[in-house]
file work-v6.cif (mmCIF, C-alpha atoms and all ligand atoms)
data_coords
loop_
_atom_site.label_atom_id
_atom_site.label_comp_id
_atom_site.auth_asym_id
_atom_site.auth_seq_id
_atom_site.Cartn_x
_atom_site.Cartn_y
_atom_site.Cartn_z
CA MET P 1 60.68 194.66 8.98
CA MET P 2 63.81 194.07 11.07
CA ARG P 3 67.23 192.74 10.11
CA GLY P 4 70.48 192.15 11.96
CA LYS P 5 73.49 194.33 11.34
CA ILE P 6 76.96 193.23 12.44
CA CYS P 7 78.15 195.89 14.89
CA GLY P 8 81.20 194.12 16.33
CA THR P 9 83.58 191.26 15.59
CA GLY P 10 86.15 189.36 17.64
CA SER P 11 88.46 186.39 17.40
CA TYR P 12 90.95 184.36 19.36
CA VAL P 13 93.47 181.66 18.44
CA PRO P 14 95.79 179.72 20.74
CA GLU P 15 99.37 180.99 20.93
CA HIS P 16 100.86 177.56 20.30
CA TYR P 17 101.15 176.55 16.68
CA LEU P 18 102.54 173.76 14.50
CA ASP P 19 104.19 174.76 11.24
CA ASN P 20 104.54 172.40 8.29
CA HIS P 21 108.01 171.31 9.43
CA ASP P 22 106.53 170.32 12.82
CA ILE P 23 103.85 168.30 10.98
CA ALA P 24 106.59 166.63 8.88
CA GLY P 25 107.95 165.33 12.18
CA ILE P 26 104.62 163.61 12.92
CA VAL P 27 103.60 162.16 9.51
CA GLU P 28 105.45 161.62 6.21
CA THR P 29 104.97 164.93 4.42
CA SER P 30 106.86 168.12 3.61
CA ASP P 31 106.45 171.88 3.89
CA GLU P 32 106.56 172.10 0.09
CA TRP P 33 103.78 169.51 -0.41
CA ILE P 34 101.45 171.13 2.13
CA ARG P 35 102.02 174.68 0.81
CA GLU P 36 101.51 173.65 -2.79
CA ARG P 37 98.38 171.55 -2.25
CA THR P 38 96.69 173.66 0.43
CA GLY P 39 98.35 177.07 0.93
CA ILE P 40 98.71 176.29 4.65
CA VAL P 41 101.93 177.25 6.44
CA ARG P 42 100.93 176.82 10.09
CA ARG P 43 97.93 176.09 12.26
CA HIS P 44 97.32 177.15 15.87
CA ILE P 45 96.72 174.25 18.24
CA ALA P 46 95.06 174.46 21.66
CA ASP P 47 97.35 173.55 24.54
CA ASN P 48 95.65 175.18 27.50
CA ASP P 49 92.66 176.57 25.60
CA THR P 50 89.39 174.77 24.99
CA THR P 51 86.40 175.36 22.73
CA VAL P 52 84.68 177.11 25.65
CA SER P 53 87.63 179.30 26.68
CA MET P 54 88.24 180.42 23.09
CA ALA P 55 84.52 181.08 22.52
CA ILE P 56 84.48 183.31 25.61
CA LYS P 57 87.53 185.31 24.48
CA ALA P 58 86.25 185.77 20.91
CA GLY P 59 82.77 186.66 22.20
CA GLN P 60 84.12 189.24 24.67
CA ALA P 61 86.28 190.80 21.95
CA ALA P 62 83.23 191.11 19.66
CA LEU P 63 81.15 192.76 22.41
CA GLU P 64 83.95 195.22 23.13
CA ASN P 65 84.39 195.98 19.44
CA GLY P 66 80.66 196.61 19.05
CA GLN P 67 80.34 198.43 22.41
CA VAL P 68 77.59 196.06 23.43
CA GLU P 69 77.03 195.08 27.08
CA ALA P 70 76.63 191.38 27.83
CA GLN P 71 73.32 192.18 29.61
CA GLU P 72 71.92 193.51 26.33
CA LEU P 73 72.19 190.11 24.62
CA ASP P 74 68.91 188.30 23.90
CA MET P 75 70.68 185.27 22.48
CA ILE P 76 74.06 183.53 22.31
CA LEU P 77 74.44 181.04 19.50
CA VAL P 78 77.61 178.94 19.29
CA SER P 79 78.46 176.87 16.24
CA THR P 80 80.79 173.99 17.13
CA ILE P 81 81.44 170.32 16.38
CA THR P 82 83.96 170.06 19.21
CA PRO P 83 82.16 171.13 22.43
CA ASN P 84 83.93 170.58 25.77
CA THR P 85 80.91 168.77 27.14
CA ILE P 86 77.66 167.37 25.78
CA ILE P 87 75.76 169.28 28.43
CA PRO P 88 75.80 172.10 29.30
CA CYS P 89 76.21 173.52 25.82
CA THR P 90 79.05 175.89 24.91
CA ALA P 91 76.71 178.88 24.57
CA CYS P 92 75.55 178.45 28.21
CA GLU P 93 79.19 178.33 29.34
CA VAL P 94 79.82 181.59 27.49
CA GLN P 95 76.72 183.10 29.09
CA LYS P 96 77.97 182.16 32.56
CA ALA P 97 81.42 183.64 31.93
CA ILE P 98 80.28 186.96 30.49
CA GLY P 99 77.14 187.47 32.60
CA ALA P 100 74.67 187.62 29.72
CA VAL P 101 71.84 186.81 32.09
CA ARG P 102 68.98 187.69 29.71
CA ALA P 103 70.23 185.59 26.78
CA THR P 104 68.74 182.36 25.43
CA CYS P 105 71.69 180.10 24.67
CA PHE P 106 72.17 177.09 22.44
CA ASP P 107 74.70 175.39 20.16
CA LEU P 108 74.35 174.51 16.52
CA SER P 109 76.19 171.71 14.69
CA ALA P 110 76.75 172.21 10.97
CA ALA P 111 80.54 171.75 10.75
CA CYS P 112 82.30 174.14 8.36
CA SER P 113 78.97 175.64 7.26
CA GLY P 114 78.19 176.27 10.93
CA PHE P 115 78.92 179.98 11.15
CA VAL P 116 76.77 180.78 8.11
CA PHE P 117 73.96 178.55 9.43
CA ALA P 118 74.18 180.19 12.88
CA TYR P 119 74.34 183.69 11.39
CA ASN P 120 71.23 182.96 9.32
CA THR P 121 69.45 181.54 12.38
CA ALA P 122 70.21 184.76 14.27
CA GLN P 123 68.87 186.79 11.34
CA ALA P 124 65.66 184.72 11.34
CA TYR P 125 65.11 185.35 15.08
CA ILE P 126 65.73 189.07 14.56
CA ALA P 127 63.43 189.22 11.50
CA ALA P 128 60.70 187.44 13.51
CA GLY P 129 60.98 190.14 16.18
CA ILE P 130 62.05 187.61 18.85
CA CYS P 131 65.55 189.00 19.42
CA LYS P 132 67.23 192.38 19.10
CA THR P 133 70.84 191.66 20.01
CA VAL P 134 72.56 188.34 19.26
CA LEU P 135 76.10 187.08 19.77
CA VAL P 136 77.08 184.46 17.16
CA ILE P 137 80.28 182.49 17.77
CA GLY P 138 82.15 179.74 15.90
CA SER P 139 84.65 177.90 18.13
CA GLU P 140 86.56 174.68 17.42
CA THR P 141 89.33 172.50 18.80
CA LEU P 142 89.61 170.30 15.72
CA SER P 143 93.03 169.12 16.92
CA THR P 144 91.15 166.87 19.36
CA ILE P 145 89.27 164.95 16.63
CA VAL P 146 91.93 164.87 13.91
CA ASP P 147 93.67 161.59 13.08
CA TRP P 148 97.31 162.60 13.67
CA GLN P 149 98.45 159.50 11.77
CA ASP P 150 96.60 160.41 8.57
CA ARG P 151 98.71 162.75 6.44
CA GLY P 152 95.80 163.24 4.06
CA SER P 153 93.81 165.15 6.71
CA CYS P 154 95.89 166.15 9.77
CA ILE P 155 97.82 168.74 7.74
CA LEU P 156 94.64 170.76 7.18
CA PHE P 157 93.05 171.58 10.50
CA GLY P 158 93.62 174.13 13.27
CA ASP P 159 91.94 175.52 16.40
CA GLY P 160 90.39 178.94 17.05
CA ALA P 161 87.25 180.98 17.56
CA GLY P 162 85.55 183.95 15.91
CA ALA P 163 82.44 185.95 16.78
CA ALA P 164 80.08 188.65 15.55
CA VAL P 165 77.43 190.69 17.40
CA LEU P 166 74.24 191.45 15.50
CA ARG P 167 71.93 194.33 16.38
CA ALA P 168 68.42 194.73 15.02
CA GLU P 169 67.70 197.67 12.73
CA GLU P 170 64.79 198.67 10.52
CA GLY P 171 65.19 197.35 6.99
CA GLU P 172 64.48 194.56 4.58
CA CYS P 173 66.17 191.25 5.43
CA TYR P 174 69.31 190.42 3.54
CA PRO P 175 68.94 187.17 1.60
CA TRP P 176 70.58 183.85 2.43
CA VAL P 177 70.54 180.31 1.07
CA THR P 178 71.39 177.04 2.85
CA HIS P 179 71.48 173.42 1.68
CA SER P 180 72.23 169.98 3.10
CA ASP P 181 72.83 166.59 1.48
CA GLY P 182 72.87 163.92 4.18
CA ALA P 183 73.12 161.16 1.58
CA LYS P 184 76.78 162.11 1.03
CA GLY P 185 77.64 162.38 4.73
CA GLU P 186 80.21 159.56 4.74
CA VAL P 187 82.88 161.56 2.85
CA LEU P 188 83.65 163.60 5.98
CA SER P 189 82.74 161.93 9.24
CA CYS P 190 83.63 161.33 12.89
CA GLU P 191 81.56 158.73 14.75
CA SER P 192 82.19 159.47 18.40
CA ARG P 193 84.22 161.66 20.68
CA ASN P 194 86.42 161.26 23.72
CA GLN P 195 87.86 164.30 25.44
CA ARG P 196 91.59 164.27 24.75
CA ASN P 197 94.54 166.51 24.09
CA TRP P 198 95.89 166.36 20.52
CA GLN P 199 99.01 164.55 21.72
CA GLU P 200 97.16 161.76 23.53
CA LYS P 201 96.93 158.57 21.49
CA GLU P 202 93.41 157.19 21.27
CA GLN P 203 92.85 153.55 20.34
CA ASP P 204 89.23 153.97 19.30
CA ARG P 205 89.30 154.76 15.56
CA LYS P 206 85.72 155.99 15.76
CA THR P 207 86.96 159.12 17.52
CA TYR P 208 89.06 160.16 14.52
CA THR P 209 87.83 162.20 11.62
CA TYR P 210 87.69 160.35 8.30
CA MET P 211 87.86 162.38 5.09
CA ASP P 212 87.75 161.59 1.39
CA GLY P 213 89.74 164.69 0.40
CA GLN P 214 89.10 164.56 -3.34
CA ALA P 215 85.35 164.09 -2.93
CA VAL P 216 85.19 167.07 -0.56
CA PHE P 217 87.31 169.17 -2.94
CA LYS P 218 84.98 168.44 -5.90
CA PHE P 219 81.88 169.11 -3.78
CA ALA P 220 83.20 172.50 -2.64
CA VAL P 221 84.25 173.87 -6.02
CA LYS P 222 80.90 172.89 -7.54
CA ARG P 223 78.50 173.87 -4.77
CA VAL P 224 79.94 177.22 -3.65
CA PRO P 225 79.69 179.02 -7.03
CA GLU P 226 76.21 177.49 -7.40
CA VAL P 227 74.97 178.73 -4.02
CA VAL P 228 76.44 182.22 -4.57
CA ARG P 229 74.61 182.41 -7.90
CA GLU P 230 71.42 181.27 -6.18
CA LEU P 231 71.92 183.93 -3.49
CA LEU P 232 72.52 186.75 -5.95
CA LYS P 233 69.48 185.71 -7.98
CA LYS P 234 67.40 186.76 -4.99
CA THR P 235 68.77 190.29 -5.43
CA GLU P 236 69.46 192.65 -8.29
CA LEU P 237 73.17 192.29 -7.71
CA SER P 238 75.81 190.57 -9.83
CA VAL P 239 79.15 189.21 -8.63
CA ASP P 240 80.74 192.50 -9.77
CA ASP P 241 78.68 194.38 -7.16
CA ILE P 242 80.14 192.35 -4.32
CA ASP P 243 83.17 193.83 -2.54
CA TRP P 244 84.28 190.76 -0.59
CA PHE P 245 83.64 187.03 -0.75
CA VAL P 246 84.45 185.82 2.76
CA LEU P 247 84.62 182.08 2.24
CA HIS P 248 85.26 179.26 4.66
CA GLN P 249 89.04 178.72 4.64
CA ALA P 250 89.52 175.04 3.78
CA ASN P 251 92.17 175.07 1.06
CA GLN P 252 93.70 177.90 -0.99
CA ARG P 253 93.26 175.85 -4.19
CA ILE P 254 89.53 175.41 -3.44
CA ILE P 255 89.11 179.18 -3.08
CA GLU P 256 91.15 179.91 -6.22
CA SER P 257 89.12 177.41 -8.20
CA ILE P 258 85.84 178.93 -6.92
CA ALA P 259 87.03 182.42 -7.95
CA ARG P 260 87.93 181.12 -11.44
CA ARG P 261 84.57 179.37 -11.83
CA MET P 262 82.81 182.59 -10.78
CA LYS P 263 84.99 184.56 -13.24
CA THR P 264 85.83 186.93 -10.39
CA ASP P 265 89.14 188.47 -9.41
CA ILE P 266 90.87 186.51 -6.66
CA SER P 267 91.62 189.80 -4.85
CA LYS P 268 87.96 189.85 -3.76
CA PHE P 269 88.54 186.57 -1.89
CA PRO P 270 90.57 187.41 1.22
CA MET P 271 92.48 184.48 2.72
CA ASN P 272 94.24 183.77 5.99
CA ILE P 273 94.50 180.00 5.61
CA ALA P 274 98.32 180.20 5.54
CA GLU P 275 98.28 181.20 9.22
CA TYR P 276 95.39 179.18 10.65
CA GLY P 277 94.59 176.21 8.40
CA ASN P 278 90.97 175.07 8.38
CA THR P 279 89.28 176.06 11.67
CA SER P 280 85.82 174.86 10.56
CA SER P 281 83.03 177.11 11.85
CA ALA P 282 85.57 179.59 13.27
CA SER P 283 87.22 180.40 9.93
CA ILE P 284 84.68 182.89 8.55
CA PRO P 285 84.33 185.01 11.72
CA ILE P 286 88.13 184.98 12.29
CA LEU P 287 88.63 186.29 8.75
CA LEU P 288 85.82 188.83 9.08
CA ASP P 289 87.37 190.10 12.32
CA GLU P 290 90.77 190.38 10.66
CA LEU P 291 89.32 192.43 7.78
CA ASN P 292 87.37 194.60 10.22
CA ARG P 293 90.35 195.33 12.47
CA LYS P 294 92.58 196.11 9.49
CA GLY P 295 89.99 198.74 8.46
CA LEU P 296 89.32 197.01 5.15
CA LEU P 297 85.53 196.94 5.58
CA GLY P 298 83.84 200.22 4.65
CA PRO P 299 80.26 201.40 5.18
CA GLY P 300 77.93 200.14 2.49
CA GLN P 301 80.32 197.45 1.24
CA LYS P 302 78.56 194.29 0.17
CA ILE P 303 79.93 191.06 1.56
CA VAL P 304 79.02 187.46 0.75
CA LEU P 305 79.74 184.85 3.41
CA ALA P 306 79.88 181.23 2.17
CA GLY P 307 80.46 178.03 4.11
CA TYR P 308 80.68 174.39 3.03
CA GLY P 309 81.60 171.15 4.70
CA ALA P 310 80.51 168.01 6.52
CA GLY P 311 76.88 166.95 6.41
CA LEU P 312 77.30 167.59 3.60
CA SER P 313 76.17 171.18 4.02
CA TRP P 314 76.70 174.51 2.29
CA GLY P 315 75.24 177.99 2.35
CA ALA P 316 75.76 181.68 1.66
CA ALA P 317 74.55 184.98 3.06
CA LEU P 318 74.69 188.56 1.84
CA LEU P 319 75.33 191.47 4.18
CA GLU P 320 76.07 195.15 3.99
CA TRP P 321 78.76 196.54 6.27
CA ALA P 322 77.64 199.16 8.76
N1 LIG K 1 102.08 164.80 2.15
C1 LIG K 1 102.60 164.13 1.12
N2 LIG K 1 101.86 163.34 0.31
C2 LIG K 1 100.55 163.25 0.57
C3 LIG K 1 99.94 163.91 1.64
C4 LIG K 1 100.77 164.72 2.45
N3 LIG K 1 100.29 165.41 3.50
N4 LIG K 1 98.63 163.64 1.66
C5 LIG K 1 98.39 162.80 0.62
N5 LIG K 1 99.58 162.57 -0.04
C6 LIG K 1 99.81 161.75 -1.20
C7 LIG K 1 98.77 160.66 -1.37
O1 LIG K 1 99.11 159.52 -0.62
C8 LIG K 1 98.84 160.41 -2.84
O2 LIG K 1 99.94 159.59 -3.11
P1 LIG K 1 99.88 158.45 -4.25
O3 LIG K 1 99.64 159.21 -5.54
O4 LIG K 1 101.21 157.81 -4.15
O5 LIG K 1 98.73 157.60 -3.86
C9 LIG K 1 99.14 161.79 -3.44
O6 LIG K 1 99.68 162.56 -2.36
C10 LIG K 1 97.91 162.50 -3.99
O7 LIG K 1 96.87 162.40 -3.04
P2 LIG K 1 95.50 163.12 -3.23
O8 LIG K 1 94.59 162.75 -2.11
O9 LIG K 1 95.05 162.89 -4.64
O10 LIG K 1 95.97 164.65 -3.11
P3 LIG K 1 95.14 165.94 -3.38
O11 LIG K 1 95.79 166.76 -4.39
O12 LIG K 1 93.67 165.64 -3.56
O13 LIG K 1 95.32 166.71 -2.00
C11 LIG K 1 94.00 167.24 -0.06
C12 LIG K 1 94.81 166.17 -0.80
C13 LIG K 1 93.46 166.63 1.22
C14 LIG K 1 94.96 168.38 0.27
C15 LIG K 1 92.86 167.75 -0.98
O14 LIG K 1 92.16 166.66 -1.51
C16 LIG K 1 91.91 168.63 -0.26
O15 LIG K 1 92.26 169.68 0.26
N6 LIG K 1 90.60 168.28 -0.25
C17 LIG K 1 89.60 169.04 0.42
C18 LIG K 1 89.61 168.72 1.89
C19 LIG K 1 88.88 169.73 2.70
O16 LIG K 1 88.91 170.90 2.41
N7 LIG K 1 88.21 169.27 3.75
C20 LIG K 1 87.49 170.08 4.65
C21 LIG K 1 86.30 170.69 3.98
S1 LIG K 1 85.40 171.68 5.04
#

call {"tool": "encode", "arguments": {"input": "work-v6.cif", "output": "structure tokens", "more": "lines below"}}
Ligand code: COA
result
Amino acid sequence: MMRGKICGTGSYVPEHYLDNHDIAGIVETSDEWIRERTGIVRRHIADNDTTVSMAIKAGQAALENGQVEAQELDMILVSTITPNTIIPCTACEVQKAIGAVRATCFDLSAACSGFVFAYNTAQAYIAAGICKTVLVIGSETLSTIVDWQDRGSCILFGDGAGAAVLRAEEGECYPWVTHSDGAKGEVLSCESRNQRNWQEKEQDRKTYTYMDGQAVFKFAVKRVPEVVRELLKKTELSVDDIDWFVLHQANQRIIESIARRMKTDISKFPMNIAEYGNTSSASIPILLDELNRKGLLGPGQKIVLAGYGAGLSWGAALLEWA
């Protein structure tokens, strides 16, 4: 039996950022309101970067960190809801840039659950014996689909990319769980997309993201503890055995409420939302890379990844650090 082990991580965020005071110059809000309700202080916003350019930088950083050559890759999987182009896909653009000539490349669209869904897909290919080395990337320029006139949503989102390289090793597969509920899709939606910079005004309302914030909040705090319980039931582990819960970074209050509901110390839930806001499918790999580079991840540590978001969709995966 084969399973994928993360052997390298990488991330990249644009240099340019907007802090809460900058946002207060765009919509009627305040630094105090945003900090209190979300924990966000600033978010990085792409000026010259794109989903493709950030995916390439995060992917290269992960390969370097894992000492993996691009030619070794059997697959590149990019999770994004904000691709530069419809075709070719982002993963093929990454392949071209890094010279991963042997890799099969495709994108996956599952919004803020996207990294967990892509990670699980990579694990399934490895377990099936189809792939040995896979680069999984989450990259987003959410600033290009945010409604910059809606204070209820534009305060939340940021741009960035994160990546992990998986290498096959002998061993039993780690468990994962994923769910979708398309019937509730309207609470977080964006109907169509025009390529634009975040500062360009777009008349077509369909190209802006609509969000029912309270509905999404309630969904997240209910479903994440549920899916983690479901995940751990597949093992002999309890929440106390888990070293880190690396959750999608949507809102500090969501994460705090999840920790309370799971009766688990908040110190096991690392957060970097203050710096980046919600970067959708990039948030989990950016955080994982931060923990890795700070030396906080030790061999044998057990980590739960959990994502949740539009679709609606949610999922969790267990892994053991190398
Ligand atoms: N600044 C100041 N006031 C704001 C505001 C802002 N940025 N956004 C909303 N308000 C106002 C509302 O207009 C409302 O005013 P009213 O009472 O006069 O009508 C009041 O604040 C409360 O609004 P509400 O929507 O109930 O606030 P909230 O506590 O639910 O916080 C969110 C709003 C968006 C921060 C919160 O619902 C949230 O984070 N939801 C989850 C969203 C999410 O994570 N989405 C992505 C998931 S992947």

call {"tool": "closest_residue", "arguments": {"input": "work-v6.cif", "among": "P:Thr264, P:Thr279, P:Ser79, P:Ser257", "to": "ligand LIG 1 (chain K)", "atoms": "all atoms listed in the file"}}
result
P:Thr279

call {"tool": "atom_distance", "arguments": {"input": "work-v6.cif", "atom1": "atom CA of Tyr308 of chain P", "atom2": "atom O14 of ligand LIG 1 (chain K)"}}
result
14.6 Å

call {"tool": "atom_distance", "arguments": {"input": "work-v6.cif", "atom1": "atom O13 of ligand LIG 1 (chain K)", "atom2": "atom CA of Ile34 of chain P"}}
result
8.6 Å

call {"tool": "residues_around", "arguments": {"input": "work-v6.cif", "residues": "segment 161-169 of chain P", "least_positions_apart": "2", "cutoff": "7 Å", "atoms": "all atoms listed in the file", "output": "number ranges by chain"}}
result
P: 2-13, 54-55, 58-59, 62-63, 66, 126, 132-140, 171, 282, 285-286

call {"tool": "residues_near_ligand", "arguments": {"input": "work-v6.cif", "ligand": "ligand LIG 1 (chain K)", "cutoff": "7 Å", "atoms": "all atoms listed in the file", "output": "list in words"}}
result
Glu28, Thr29, Ser30, Trp33, Ile34, Arg37, Thr38, Cys112, Arg151, Gly152, Ser153, Ile155, Gly213, Gln214, Val216, Phe217, Ala250, Asn251, Ser280, Tyr308, Gly309 and Ala310 of chain P

call {"tool": "closest_residue", "arguments": {"input": "work-v6.cif", "among": "P:Tyr276, P:Trp176, P:Trp314, P:Phe106", "to": "Gly39 of chain P", "atoms": "all atoms listed in the file"}}
result
P:Tyr276

call {"tool": "closest_residue", "arguments": {"input": "work-v6.cif", "among": "P:Gln67, P:Ser53, P:Ser113, P:Gln123", "to": "Val94 of chain P", "atoms": "all atoms listed in the file"}}
result
P:Ser53

call {"tool": "atom_distance", "arguments": {"input": "work-v6.cif", "atom1": "atom CA of Thr144 of chain P", "atom2": "atom CA of Gly307 of chain P"}}
result
21.7 Å
